[in-house]
Structure formats: structure tokens, C-alpha cells
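Below: the structure, in C-alpha cells.
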Amino acid sequence: MIHVKWDREILHFPVPPPETKLGKLRTDLAEYTHLPLGSFKLIHAGAVMKDDSAPLTAYKIRENSTIALIGGHSLPSASAPAPPARPQPKVKEPPTEQSTITAIRSELDRVRITLVPDVNALVDALTPSAATTASSLTSAPIPTSGSTPTQSFSSTAQAPHFPPHPTSASYTSKPTSSDHTRLSELLLQSLLRLDAMHLAGSDWPEARAERKAAVREVQGVLDRLDGAWSAR
């Protein structure tokens with residue numbers, strides 16, 4: 001079976017044949033969930049699966065793989081009135097490799113500061129024996145973007161403000177499924193923002209390396225969260 005995380009639900013499907021195209025899986029999910037075909041993204045192992053013509057083996061989909069379905073909002077009706085015209089925003093300077101690196105580091109710092117402590121607290125509450133390990137992780141100094149100069153970058157690289165989050169003191173009892181879902185969704189949103197920051201491909205080798213390392217770290221936090229929740 002493969003597992004598809006959709007909002008607060010986890011859907012289970014038989015493993016498709018290896019030659020199955022991603023587009024076929026996307027169509028099947030759209031029919032099952034009654035979502036418009038182009039209204040959602042599929043994420044596996046921290047990467048957005050984009051090429052519908054590629055076989056699922058290209059994305060390493062196998063038994064017990066977990067795919068996240070993000071989005072799914074209804075598309076606007078063709079008969080809906082057009083929104084009123086808005087003033088054209090000022091044209092921003094195109095992002096540079098250095099500004100993109102700054103944005104990647106800022107996103108990673110945000111995850112380390114606002115989400116990792118909550119993940120550690122939730123894992124502690126589920127597995128008290130791991131408290132010592134989690135405590136050592138939260139007490140370690142948090143690296144920041146250092147002296148890297150801040151430059152303007154594309155609005156796609158700017159992350160929205162996170163909603164209020166509970167501290168470790170909030171878990172006086174076992175965490176609920178809503179606690180797990182909230183953290184999981186915020187981490188997935190961070191992965192999507194990191195994916196959007198990768199703009200210039202092989203022309204920016206340093207930015208690619210920064211983004212790859214950041215995705216690996218955020219995906220590791222998500223895997224730790226999901227692993228502790230599954231083993232509870």
C-alpha cells in the first residue's frame with residue numbers, strides 16, 4: 001500500500017505498477033477526492049512531483065511510501081465575476097544567488113526556532129524515554145544566517161508569519177491529532193517555500209547546495225515527527 005496524507009486524513013491505495021505515470025496517479029486522486037485536477041500538489045521525500053509524464057519509479061514510490069497532497073481548493077468558476085482591477089505593484093529587482101541563499105537560511109532559521117522546539121516537545125510527550133535526547137537537541141546553539149548581507153528577493157521566497165504555537169510546557173497530557181497535524185502542515189509548507197526558492201538551476205551551485213541541505217533538514221524533522229506519532 002501507499003499512503004496519501006490529505007489535510008487531516010490519510011488515504012491508502014494499492015501500490016501502482018512500476019510503469020504507472022505520475023499523471024495517472026494524480027488523476028486517480030482527483031477523482032477519489034473530488035478535487036480539481038490542477039488544484040493540488042503532490043510531495044514525496046521533500047520534493048514536489050511535477051512531471052506527470054514520468055513513471056512513479058522516477059520518484060522512488062514503493063510499498064509504504066507516503067505522499068503529501070497539498071492544496072485542493074476549488075478553482076474559480078468560469079462564470080464568476082472578474083475581480084476589480086488593482087494598481088500594478090512596483091517591479092522588484094530579480095533575485096540573485098546571494099539573496100536566494102539568504103532567503104533559504106532565513107526559512108531554515110524559522111523552522112529551527114519556531115517548529116523544532118514544538119516537535120521535540122511533542123516527541124517527548126509521546127516517548128518520555130527520549131526526553132534526554134530531545135533536550136540536548138533543543139539546548140544546542142541554533143545557527144543563524146550569520147553575517148550574510150540581507151538583500152531583497154522574490155515574494156515567492158517570503159514566508160507568511162506562523163500562527164501561535166504551544167511550547168513544551170503546553171503538553172501536560174498526551175498530544176492530540178490536531179497538534180500533530182498542525183506541525184506536519186507547517187513543515188510541509190516550509191518544504192514548499194524552499195522548493196519555490198530554487199530558481200536558476202545549475203547556474204547557482206551554491207544556492208542549490210544550500211537548498212538541498214535545508215530540504216534534507218526540514219524533511220528529517222518531519223520524518224521524526226511522523227515516526228513518533230506512528231509509534232505512539
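Note on naming: chains are A, B, ... as they come in the C-alpha cells, residues start from 1 per chain, ligands start from 1 in the order shown.
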Contact residues around Gly46 (chain A) with only C-alpha atoms at 8 Å, ignoring same-chain residues under 2 positions, as a list of chain:residue names: A:Ile43, A:His44, A:Val48, A:Leu188, A:Leu191, A:Val215, A:Arg216, A:Gln219
Nearest-residue call for Thr33 (chain A), choices A:Asp226, A:Asp52, A:Glu9, A:Asp203, using only C-alpha atoms: A:Glu9
Near-region 179-184 of chain A list (12 Å; only C-alpha atoms; drop same-chain fewer than 3 positions) as a VMD selection string: chain A and resid 5 to 10 68 70 111 114 to 123 125 to 126 162 to 168 170 to 171 173 to 176 187 to 191 218 to 230 232
Closest of A:Val4, A:Ala196, A:Ala103, A:Ala54 to Lys24 (chain A) - atom-to-atom distances counting only C-alpha atoms: A:Ala54
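Rounded to one decimal, CA of Glu217 (chain A) and CA of Pro55 (chain A) lie 26.8 Å from each other.
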Selected residue, from A:Thr96, A:Ser65, A:Ser53, A:Ser178, that lies nearest to His3 (chain A) when counting only C-alpha atoms: A:Ser65
Contacts of Leu108 (chain A) at 7 Å (only C-alpha atoms; same-chain gap of 4+ positions) as a ChimeraX atom specification: /A:104,112,214
Within 12 Å of Gly23 (chain A) using only C-alpha atoms, minus same-chain residues under 2 positions, as JSON, numbers by chain: {"A": [19, 20, 21, 25, 26, 27, 28, 29, 30, 37, 38, 41, 42, 49, 50, 51, 52, 53, 54, 55, 56]}
Take the residues just selected and output them with C-alpha atoms as a PDB file, in the first residue's frame.
```pdb
ATOM      1  CA  GLU A  19       5.376   1.845 -15.202  1.00  0.00           C
ATOM      2  CA  THR A  20       2.401   3.915 -13.990  1.00  0.00           C
ATOM      3  CA  LYS A  21       2.792   7.593 -14.879  1.00  0.00           C
ATOM      4  CA  LEU A  25      -1.906   8.739 -10.025  1.00  0.00           C
ATOM      5  CA  ARG A  26      -2.787  12.437  -9.952  1.00  0.00           C
ATOM      6  CA  THR A  27      -5.977  11.783 -11.969  1.00  0.00           C
ATOM      7  CA  ASP A  28      -6.990   8.899  -9.683  1.00  0.00           C
ATOM      8  CA  LEU A  29      -6.505  11.086  -6.597  1.00  0.00           C
ATOM      9  CA  ALA A  30      -8.521  13.916  -8.152  1.00  0.00           C
ATOM     10  CA  LEU A  37      -7.075  18.185 -11.187  1.00  0.00           C
ATOM     11  CA  GLY A  38      -4.836  21.243 -11.180  1.00  0.00           C
ATOM     12  CA  LYS A  41       0.495  19.418  -5.430  1.00  0.00           C
ATOM     13  CA  LEU A  42       1.992  16.032  -4.582  1.00  0.00           C
ATOM     14  CA  MET A  49       6.453  15.770  -8.013  1.00  0.00           C
ATOM     15  CA  LYS A  50       5.858  17.855 -11.143  1.00  0.00           C
ATOM     16  CA  ASP A  51       6.442  15.736 -14.252  1.00  0.00           C
ATOM     17  CA  ASP A  52       3.165  13.920 -14.934  1.00  0.00           C
ATOM     18  CA  SER A  53       4.778  12.027 -17.820  1.00  0.00           C
ATOM     19  CA  ALA A  54       7.435  10.440 -15.574  1.00  0.00           C
ATOM     20  CA  PRO A  55       6.882   6.918 -14.157  1.00  0.00           C
ATOM     21  CA  LEU A  56       6.372   6.576 -10.422  1.00  0.00           C
TER      22      LEU A  56
END
```
